[in-house]
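Text of my_file13.pdb, listed as PDB, C-alpha atoms and all ligand atoms:
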```
ATOM      1  CA  MET K   8       0.000   0.000   0.000
ATOM      2  CA  SER K   9       1.225   3.518  -0.786
ATOM      3  CA  SER K  10       1.721   6.335   1.660
ATOM      4  CA  LEU K  11      -1.081   7.002   4.105
ATOM      5  CA  ARG K  12       0.136  10.541   4.713
ATOM      6  CA  PRO K  13      -2.560  13.169   4.126
ATOM      7  CA  ILE K  14      -2.966  15.510   1.202
ATOM      8  CA  GLY K  15      -2.697  19.110   2.391
ATOM      9  CA  VAL K  16      -5.294  21.437   0.890
ATOM     10  CA  PHE K  17      -5.603  25.124   1.710
ATOM     11  CA  ASP K  18      -7.570  28.266   0.972
ATOM     12  CA  SER K  19      -8.409  31.534   2.690
ATOM     13  CA  GLY K  20     -11.725  30.073   3.851
ATOM     14  CA  ILE K  21     -14.498  27.817   2.595
ATOM     15  CA  GLY K  22     -13.758  28.103  -1.158
ATOM     16  CA  GLY K  23     -11.152  25.335  -1.154
ATOM     17  CA  LEU K  24     -13.828  22.988   0.172
ATOM     18  CA  THR K  25     -15.093  22.753  -3.432
ATOM     19  CA  VAL K  26     -11.659  21.360  -4.352
ATOM     20  CA  ALA K  27     -11.421  19.146  -1.251
ATOM     21  CA  ARG K  28     -14.826  17.702  -2.180
ATOM     22  CA  ALA K  29     -13.685  16.905  -5.732
ATOM     23  CA  ILE K  30     -10.504  15.266  -4.346
ATOM     24  CA  HIS K  31     -12.523  13.219  -1.856
ATOM     25  CA  ASP K  32     -14.924  12.090  -4.608
ATOM     26  CA  LEU K  33     -12.102  11.022  -6.917
ATOM     27  CA  LEU K  34      -9.735   9.649  -4.285
ATOM     28  CA  PRO K  35     -11.983   8.481  -1.447
ATOM     29  CA  GLU K  36      -9.250   6.446   0.270
ATOM     30  CA  GLU K  37      -6.951   9.439   0.720
ATOM     31  CA  SER K  38      -6.842  11.465   3.935
ATOM     32  CA  ILE K  39      -7.163  15.217   3.593
ATOM     33  CA  LEU K  40      -5.786  17.847   5.946
ATOM     34  CA  TYR K  41      -7.556  21.088   5.047
ATOM     35  CA  PHE K  42      -6.461  24.505   6.275
ATOM     36  CA  GLY K  43      -8.793  27.505   5.928
ATOM     37  CA  ASP K  44      -7.126  30.795   6.809
ATOM     38  CA  THR K  45     -10.362  32.354   8.037
ATOM     39  CA  ALA K  46      -8.506  34.842  10.259
ATOM     40  CA  HIS K  47      -6.975  36.464   7.178
ATOM     41  CA  LEU K  48      -9.595  36.271   4.439
ATOM     42  CA  PRO K  49     -10.276  37.623   1.911
ATOM     43  CA  TYR K  50      -6.967  36.917   0.185
ATOM     44  CA  GLY K  51      -8.323  38.438  -3.018
ATOM     45  CA  GLU K  52      -8.016  41.962  -1.629
ATOM     46  CA  LYS K  53      -4.478  41.533  -0.232
ATOM     47  CA  SER K  54      -1.136  42.461  -1.773
ATOM     48  CA  PRO K  55       0.959  39.717  -3.422
ATOM     49  CA  GLU K  56       3.493  40.051  -0.560
ATOM     50  CA  LEU K  57       0.882  39.408   2.112
ATOM     51  CA  ILE K  58      -0.664  36.511   0.180
ATOM     52  CA  GLN K  59       2.844  35.032  -0.090
ATOM     53  CA  ARG K  60       3.458  35.450   3.639
ATOM     54  CA  TYR K  61       0.189  33.761   4.623
ATOM     55  CA  SER K  62       0.481  30.998   2.018
ATOM     56  CA  THR K  63       4.066  30.013   2.828
ATOM     57  CA  ARG K  64       3.211  29.870   6.535
ATOM     58  CA  ILE K  65       0.360  27.460   5.811
ATOM     59  CA  ALA K  66       2.476  25.390   3.404
ATOM     60  CA  ARG K  67       5.179  25.071   6.110
ATOM     61  CA  HIS K  68       2.539  23.931   8.602
ATOM     62  CA  LEU K  69       1.115  21.336   6.186
ATOM     63  CA  VAL K  70       4.574  19.939   5.457
ATOM     64  CA  LYS K  71       5.360  19.764   9.192
ATOM     65  CA  SER K  72       2.050  17.948   9.654
ATOM     66  CA  GLY K  73       3.327  15.225   7.303
ATOM     67  CA  CYS K  74       1.434  15.996   4.088
ATOM     68  CA  LYS K  75       2.668  14.149   0.993
ATOM     69  CA  ALA K  76       1.324  16.744  -1.491
ATOM     70  CA  ILE K  77       0.027  20.295  -1.234
ATOM     71  CA  VAL K  78      -2.987  21.548  -3.173
ATOM     72  CA  VAL K  79      -3.203  25.345  -3.306
ATOM     73  CA  ALA K  80      -7.016  25.406  -3.467
ATOM     74  CA  CYS K  81      -7.091  29.169  -3.870
ATOM     75  CA  ASN K  82      -6.677  31.031  -7.143
ATOM     76  CA  SER K  83      -5.472  34.188  -5.399
ATOM     77  CA  ALA K  84      -2.621  32.233  -3.760
ATOM     78  CA  SER K  85      -1.949  30.179  -6.913
ATOM     79  CA  SER K  86      -1.659  33.403  -8.939
ATOM     80  CA  ASN K  87       0.429  35.402  -6.483
ATOM     81  CA  ALA K  88       2.387  32.986  -4.307
ATOM     82  CA  LEU K  89       3.070  29.762  -6.199
ATOM     83  CA  GLN K  90       6.845  30.152  -6.551
ATOM     84  CA  ALA K  91       7.160  31.150  -2.889
ATOM     85  CA  ILE K  92       5.115  28.083  -1.861
ATOM     86  CA  ILE K  93       7.209  25.753  -4.039
ATOM     87  CA  SER K  94      10.431  27.169  -2.537
ATOM     88  CA  GLU K  95       9.027  26.744   0.967
ATOM     89  CA  VAL K  96       7.921  23.149   0.391
ATOM     90  CA  GLY K  97      11.112  21.965  -1.334
ATOM     91  CA  PRO K  98      11.610  19.543  -4.202
ATOM     92  CA  ASN K  99      10.202  16.365  -2.641
ATOM     93  CA  ILE K 100       6.604  17.396  -2.118
ATOM     94  CA  PRO K 101       4.500  18.201  -5.180
ATOM     95  CA  VAL K 102       2.492  21.420  -5.201
ATOM     96  CA  ILE K 103      -0.678  21.467  -7.309
ATOM     97  CA  ASP K 104      -2.139  24.879  -8.077
ATOM     98  CA  MET K 105      -5.488  26.005  -9.529
ATOM     99  CA  VAL K 106      -4.190  27.712 -12.683
ATOM    100  CA  THR K 107      -1.810  25.312 -14.459
ATOM    101  CA  PRO K 108      -4.172  22.290 -14.786
ATOM    102  CA  VAL K 109      -7.029  24.471 -16.058
ATOM    103  CA  VAL K 110      -4.829  26.195 -18.630
ATOM    104  CA  LYS K 111      -3.627  22.757 -19.834
ATOM    105  CA  TYR K 112      -7.226  21.555 -20.028
ATOM    106  CA  LEU K 113      -8.138  24.562 -22.193
ATOM    107  CA  SER K 114      -5.160  24.200 -24.479
ATOM    108  CA  HIS K 115      -6.158  20.551 -25.121
ATOM    109  CA  ASN K 116      -9.874  21.153 -25.412
ATOM    110  CA  CYS K 117     -10.109  24.313 -27.497
ATOM    111  CA  ALA K 118      -9.331  22.903 -30.915
ATOM    112  CA  HIS K 119     -10.363  26.050 -32.809
ATOM    113  CA  ALA K 120     -10.213  29.747 -31.980
ATOM    114  CA  CYS K 121     -12.271  30.234 -28.857
ATOM    115  CA  GLN K 122     -13.101  32.941 -26.388
ATOM    116  CA  VAL K 123     -12.849  32.100 -22.729
ATOM    117  CA  GLY K 124     -14.215  34.230 -19.898
ATOM    118  CA  LEU K 125     -12.506  34.426 -16.525
ATOM    119  CA  ILE K 126     -13.936  35.796 -13.297
ATOM    120  CA  GLY K 127     -11.913  35.928 -10.108
ATOM    121  CA  THR K 128     -10.755  38.047  -7.212
ATOM    122  CA  ARG K 129      -8.881  41.320  -7.743
ATOM    123  CA  ALA K 130      -5.608  39.644  -6.769
ATOM    124  CA  THR K 131      -6.077  36.833  -9.297
ATOM    125  CA  ILE K 132      -7.089  39.057 -12.197
ATOM    126  CA  ALA K 133      -4.424  41.689 -11.405
ATOM    127  CA  SER K 134      -1.675  39.022 -11.397
ATOM    128  CA  GLY K 135      -2.366  38.308 -15.102
ATOM    129  CA  LEU K 136      -1.214  34.711 -14.573
ATOM    130  CA  TYR K 137      -4.047  33.028 -16.485
ATOM    131  CA  HIS K 138      -3.330  35.362 -19.432
ATOM    132  CA  ARG K 139       0.395  34.655 -19.414
ATOM    133  CA  CYS K 140       0.024  30.876 -19.085
ATOM    134  CA  LEU K 141      -2.604  30.690 -21.823
ATOM    135  CA  LYS K 142      -0.500  32.846 -24.127
ATOM    136  CA  ASP K 143       2.432  30.453 -23.631
ATOM    137  CA  LEU K 144       0.393  27.297 -24.180
ATOM    138  CA  SER K 145      -2.278  28.150 -26.670
ATOM    139  CA  SER K 146      -2.348  30.779 -29.387
ATOM    140  CA  HIS K 147      -5.996  30.212 -30.312
ATOM    141  CA  VAL K 148      -7.564  30.937 -26.923
ATOM    142  CA  GLU K 149      -8.617  34.529 -26.290
ATOM    143  CA  LEU K 150      -9.122  35.247 -22.599
ATOM    144  CA  ILE K 151     -11.518  37.942 -21.400
ATOM    145  CA  SER K 152     -11.309  38.590 -17.679
ATOM    146  CA  LYS K 153     -13.155  40.527 -15.037
ATOM    147  CA  ALA K 154     -12.607  40.906 -11.297
ATOM    148  CA  THR K 155     -15.754  40.171  -9.274
ATOM    149  CA  PRO K 156     -14.499  41.082  -5.799
ATOM    150  CA  LEU K 157     -17.795  41.124  -3.885
ATOM    151  CA  LEU K 158     -18.652  37.570  -4.759
ATOM    152  CA  ALA K 159     -16.266  35.560  -2.549
ATOM    153  CA  SER K 160     -17.188  37.579   0.546
ATOM    154  CA  ALA K 161     -20.923  37.020  -0.051
ATOM    155  CA  ILE K 162     -20.299  33.278  -0.476
ATOM    156  CA  GLU K 163     -18.021  33.150   2.576
ATOM    157  CA  GLU K 164     -20.906  34.742   4.517
ATOM    158  CA  GLY K 165     -23.030  31.737   3.573
ATOM    159  CA  PHE K 166     -24.997  33.375   0.749
ATOM    160  CA  PHE K 167     -24.759  30.706  -1.896
ATOM    161  CA  ASN K 168     -28.277  29.452  -2.366
ATOM    162  CA  ASP K 169     -30.215  32.658  -2.663
ATOM    163  CA  SER K 170     -30.756  35.845  -4.599
ATOM    164  CA  ILE K 171     -27.734  37.747  -3.243
ATOM    165  CA  PRO K 172     -24.999  36.163  -5.416
ATOM    166  CA  GLN K 173     -27.375  36.390  -8.385
ATOM    167  CA  ALA K 174     -27.810  40.148  -7.809
ATOM    168  CA  VAL K 175     -24.034  40.598  -7.441
ATOM    169  CA  LEU K 176     -23.424  38.647 -10.648
ATOM    170  CA  ASP K 177     -26.173  40.542 -12.511
ATOM    171  CA  ALA K 178     -24.319  43.760 -11.728
ATOM    172  CA  TYR K 179     -20.921  42.411 -12.782
ATOM    173  CA  PHE K 180     -22.251  40.850 -16.018
ATOM    174  CA  SER K 181     -24.381  43.853 -17.037
ATOM    175  CA  ASP K 182     -21.683  45.217 -19.395
ATOM    176  CA  ASN K 183     -22.129  42.168 -21.689
ATOM    177  CA  LEU K 184     -18.384  41.599 -21.727
ATOM    178  CA  PHE K 185     -18.962  37.849 -21.881
ATOM    179  CA  LYS K 186     -21.592  37.861 -24.641
ATOM    180  CA  ASP K 187     -19.498  35.850 -27.157
ATOM    181  CA  ILE K 188     -17.588  33.456 -24.912
ATOM    182  CA  ASP K 189     -17.492  29.687 -25.484
ATOM    183  CA  SER K 190     -16.534  28.789 -21.923
ATOM    184  CA  ILE K 191     -15.885  30.414 -18.577
ATOM    185  CA  ILE K 192     -13.339  29.772 -15.840
ATOM    186  CA  LEU K 193     -14.657  30.276 -12.320
ATOM    187  CA  GLY K 194     -11.273  31.604 -11.213
ATOM    188  CA  CYS K 195     -11.979  31.583  -7.499
ATOM    189  CA  THR K 196     -12.603  28.377  -5.586
ATOM    190  CA  HIS K 197     -15.598  29.955  -3.854
ATOM    191  CA  TYR K 198     -17.438  30.414  -7.163
ATOM    192  CA  PRO K 199     -18.504  26.812  -7.931
ATOM    193  CA  LEU K 200     -20.940  27.351  -5.066
ATOM    194  CA  VAL K 201     -22.799  29.851  -7.260
ATOM    195  CA  LYS K 202     -22.306  28.019 -10.542
ATOM    196  CA  ASP K 203     -26.051  28.006 -11.293
ATOM    197  CA  ALA K 204     -26.275  31.769 -10.843
ATOM    198  CA  VAL K 205     -23.403  32.177 -13.349
ATOM    199  CA  LYS K 206     -25.103  29.778 -15.787
ATOM    200  CA  ASN K 207     -28.325  31.803 -15.589
ATOM    201  CA  LEU K 208     -26.517  34.772 -17.118
ATOM    202  CA  LEU K 209     -24.862  32.961 -20.012
ATOM    203  CA  PRO K 210     -26.179  31.304 -23.188
ATOM    204  CA  SER K 211     -26.894  27.618 -22.611
ATOM    205  CA  GLY K 212     -23.997  26.404 -24.803
ATOM    206  CA  VAL K 213     -21.305  28.084 -22.670
ATOM    207  CA  GLU K 214     -19.190  25.523 -20.791
ATOM    208  CA  VAL K 215     -18.589  26.340 -17.133
ATOM    209  CA  ILE K 216     -15.183  24.799 -16.594
ATOM    210  CA  ASP K 217     -15.077  22.457 -13.638
ATOM    211  CA  SER K 218     -11.774  23.569 -12.097
ATOM    212  CA  PRO K 219     -12.084  21.503  -8.875
ATOM    213  CA  SER K 220     -12.444  18.240 -10.855
ATOM    214  CA  ILE K 221      -9.620  19.168 -13.235
ATOM    215  CA  VAL K 222      -7.337  19.891 -10.274
ATOM    216  CA  ALA K 223      -8.353  16.631  -8.556
ATOM    217  CA  GLU K 224      -7.472  14.732 -11.778
ATOM    218  CA  GLN K 225      -4.086  16.453 -11.845
ATOM    219  CA  LEU K 226      -3.470  15.420  -8.230
ATOM    220  CA  ASN K 227      -4.460  11.866  -9.117
ATOM    221  CA  SER K 228      -1.907  11.782 -11.974
ATOM    222  CA  VAL K 229       0.842  13.215  -9.777
ATOM    223  CA  LEU K 230       0.229  10.762  -6.907
ATOM    224  CA  THR K 231       0.023   7.839  -9.348
ATOM    225  CA  ALA K 232       3.301   8.825 -11.015
ATOM    226  CA  MET K 233       4.977   9.081  -7.595
ATOM    227  CA  GLY K 234       3.591   5.728  -6.434
ATOM    228  CA  GLU K 235       1.955   7.592  -3.540
ATOM    229  CA  LYS K 236      -1.699   6.942  -4.315
ATOM    230  CA  VAL K 237      -3.730   5.146  -1.650
ATOM    231  CA  THR K 238      -6.162   2.642  -3.132
ATOM    232  CA  GLU K 239      -7.221   0.988   0.088
ATOM    233  CA  SER K 240      -7.194   2.175   3.655
ATOM    234  CA  ASN K 241      -9.075   1.428   6.817
ATOM    235  CA  LEU K 242      -8.348   4.811   8.353
ATOM    236  CA  LYS K 243     -11.524   6.010  10.056
ATOM    237  CA  GLU K 244     -10.909   9.757  10.152
ATOM    238  CA  LYS K 245     -10.011  10.803   6.642
ATOM    239  CA  LEU K 246     -11.163  14.405   6.766
ATOM    240  CA  HIS K 247      -9.412  16.766   9.103
ATOM    241  CA  PHE K 248     -10.177  20.484   8.964
ATOM    242  CA  GLN K 249      -8.191  23.268  10.568
ATOM    243  CA  VAL K 250      -8.945  26.973  10.498
ATOM    244  CA  SER K 251      -7.142  29.993  11.891
ATOM    245  CA  ASP K 252     -10.457  31.298  13.268
ATOM    246  CA  LEU K 253     -13.196  28.769  13.961
ATOM    247  CA  THR K 254     -16.289  30.589  12.703
ATOM    248  CA  GLU K 255     -19.887  29.388  12.587
ATOM    249  CA  ASN K 256     -19.812  29.962   8.811
ATOM    250  CA  PHE K 257     -16.936  27.575   8.381
ATOM    251  CA  LYS K 258     -18.578  24.913  10.582
ATOM    252  CA  PHE K 259     -21.786  25.217   8.560
ATOM    253  CA  SER K 260     -20.002  25.047   5.204
ATOM    254  CA  ALA K 261     -17.729  22.139   6.155
ATOM    255  CA  ARG K 262     -20.803  20.144   7.198
ATOM    256  CA  HIS K 263     -22.687  21.272   4.080
ATOM    257  CA  PHE K 264     -19.928  19.658   1.989
ATOM    258  CA  PHE K 265     -18.946  16.656   4.071
ATOM    259  CA  GLY K 266     -21.698  15.921   6.606
ATOM    260  CA  ASP K 267     -20.633  15.217  10.184
ATOM    261  CA  ASP K 268     -17.889  12.767   9.326
ATOM    262  CA  LEU K 269     -15.015  15.178   9.948
ATOM    263  CA  THR K 270     -12.873  16.733  12.641
ATOM    264  CA  LEU K 271     -12.691  20.479  12.930
ATOM    265  CA  GLU K 272     -10.267  22.527  15.051
ATOM    266  CA  GLU K 273      -8.782  25.991  15.356
ATOM    267  CA  VAL K 274      -5.023  26.205  14.815
ATOM    268  CA  VAL K 275      -3.221  29.503  15.151
ATOM    269  CA  LEU K 276      -0.024  29.505  13.061
TER
HETATM  270  N1  LIG K 301     -11.064  31.166  -2.753
HETATM  271  C1  LIG K 301     -10.036  32.056  -3.037
HETATM  272  C2  LIG K 301      -9.629  32.104  -4.484
HETATM  273  O1  LIG K 301      -9.746  31.105  -5.159
HETATM  274  C3  LIG K 301      -9.935  33.369  -2.336
HETATM  275  C4  LIG K 301     -11.122  34.186  -2.008
HETATM  276  C5  LIG K 301     -10.666  35.302  -1.095
HETATM  277  O2  LIG K 301     -10.236  34.989   0.035
HETATM  278  O3  LIG K 301     -10.671  36.454  -1.539
HETATM  279  O4  LIG K 301      -9.152  33.099  -4.969
END
```
Could you write out this structure as structure tokens?
Ligand code: DGL
Amino acid sequence: MSSLRPIGVFDSGIGGLTVARAIHDLLPEESILYFGDTAHLPYGEKSPELIQRYSTRIARHLVKSGCKAIVVACNSASSNALQAIISEVGPNIPVIDMVTPVVKYLSHNCAHACQVGLIGTRATIASGLYHRCLKDLSSHVELISKATPLLASAIEEGFFNDSIPQAVLDAYFSDNLFKDIDSIILGCTHYPLVKDAVKNLLPSGVEVIDSPSIVAEQLNSVLTAMGEKVTESNLKEKLHFQVSDLTENFKFSARHFFGDDLTLEEVVL
């Protein structure tokens, strides 16, 4: 049997739970150690330097906790702190980010000239990383991006099944910037929680790219190549959640995604 060490997954808050869920669905035998930096969210409004400081501290903690791979389940951190995280973690532990696998997916799946929309936090859009990576990998993808900064905070507050995210999205989409797109990247891990509200504003043929599943597939390939994938385990507690500030919102969202079969604790780094 391969390594039973956990997979470390982190985000500023609940958004990375969409990625943790996709990992758990694809790799149900793996243990996950999730860290939500709820004391410091939103990352999307922070400077690259501060995002790097918070992200490297979490990565160090996950490595010390014995994680065999780190998933940066936050686009703002993936776009602004990836090199710093990789340097912190060292060469023996793979780091999987949110941007690279999605860009690869697009470069393989857009056979002809296509227009792709991107929404994300200010920090993600301002970094320009999706643009640069797509330019390097695929000449026929045109990326049209827009920062939607209010959205993650509304979702973090628990507004994901009601009219509030729809109203926020209505306002952001009212300029018709995305009227000709073929697909859209939800470039913030909070956004899959309001996927239906995004779909409501786009023509029915527009593909909403499933970043959490694409990232989970990438993790699967990396663990398989390393011989570190767990295919069978009788570990009882596979889902361990840590947050820097144990809020009611986080408790509610963790249970919304995973039921009661999890441990949840506050850890101050
Ligand atoms: N979920 C995060 C992302 O993917 C960050 C949201 C925030 O903290 O601003 O960018």
Selected by the PyMOL selection byres (((not hetatm)) within 10 of (chain K and resi 301)) in the shown coordinates: which residues, as a PyMOL selection string? chain K and resi 17-26+43-45+47-53+58+79-87+105-106+126-132+155-160+162-163+193-198
For a test of reading the model, state the distance in Å between CA of Glu244 in chain K and CA of Ile39 in chain K, rounded to one decimal.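 Atom-to-atom, CA of Glu244 in chain K to CA of Ile39 in chain K, that is 9.3 Å.
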Can you tell me how far CA of Val110 in chain K sits from CA of Ser228 in chain K, in Å to one decimal?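 Between CA of Val110 in chain K and CA of Ser228 in chain K the gap works out to 16.1 Å.
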For Arg139 in chain K, which residue among K:Thr107, K:Gly97, K:Ala29, K:Arg67 is the nearest when counting only C-alpha atoms? K:Thr107
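Once the PyMOL selection byres (((chain K and resi 114-125) around 6) and not hetatm) is applied to this file, the selection holds Lys111, Tyr112, Leu113, Ile126, Ser145, His147, Val148, Glu149, Leu150, Ile151, Ser152, Ile188, Asp189, Ser190, Ile191 and Ile192 of chain K.
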Could you please take those selected residues and save C-alpha atoms as a short mmCIF file (atom, residue, chain, number, x, y, z; two decimals), in the coordinates of the input?
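Below you can see out-v3.cif, which holds the result:
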```cif
data_model
loop_
_atom_site.label_atom_id
_atom_site.label_comp_id
_atom_site.auth_asym_id
_atom_site.auth_seq_id
_atom_site.Cartn_x
_atom_site.Cartn_y
_atom_site.Cartn_z
CA LYS K 111 -3.63 22.76 -19.83
CA TYR K 112 -7.23 21.56 -20.03
CA LEU K 113 -8.14 24.56 -22.19
CA ILE K 126 -13.94 35.80 -13.30
CA SER K 145 -2.28 28.15 -26.67
CA HIS K 147 -6.00 30.21 -30.31
CA VAL K 148 -7.56 30.94 -26.92
CA GLU K 149 -8.62 34.53 -26.29
CA LEU K 150 -9.12 35.25 -22.60
CA ILE K 151 -11.52 37.94 -21.40
CA SER K 152 -11.31 38.59 -17.68
CA ILE K 188 -17.59 33.46 -24.91
CA ASP K 189 -17.49 29.69 -25.48
CA SER K 190 -16.53 28.79 -21.92
CA ILE K 191 -15.88 30.41 -18.58
CA ILE K 192 -13.34 29.77 -15.84
#
```
Please list as a PyMOL selection string every residue within 9 Å of Glu36 in chain K, counting all atoms listed in the file and excluding residues in the same chain fewer than 4 positions away. chain K and resi 31+236-242+245
Separation of CA of Pro13 in chain K from CA of Ser38 in chain K in Å: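 Atom-to-atom, CA of Ser38 in chain K to CA of Pro13 in chain K, that is 4.6 Å.
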Any idea what's packed within 9 Å of Thr63 in chain K, counting only C-alpha atoms, ignoring anything in its chain fewer than 4 positions away? Could you give it as number ranges by chain? K: 58-59, 67-68, 88, 91-96
Taking 5 positions as the minimum chain separation for residues in the same chain, which residues sit within 8 Å of range 208-211 of chain K when counting all atoms listed in the file? Answer as a list in words. Asp177, Phe180, Phe185 and Lys186 of chain K
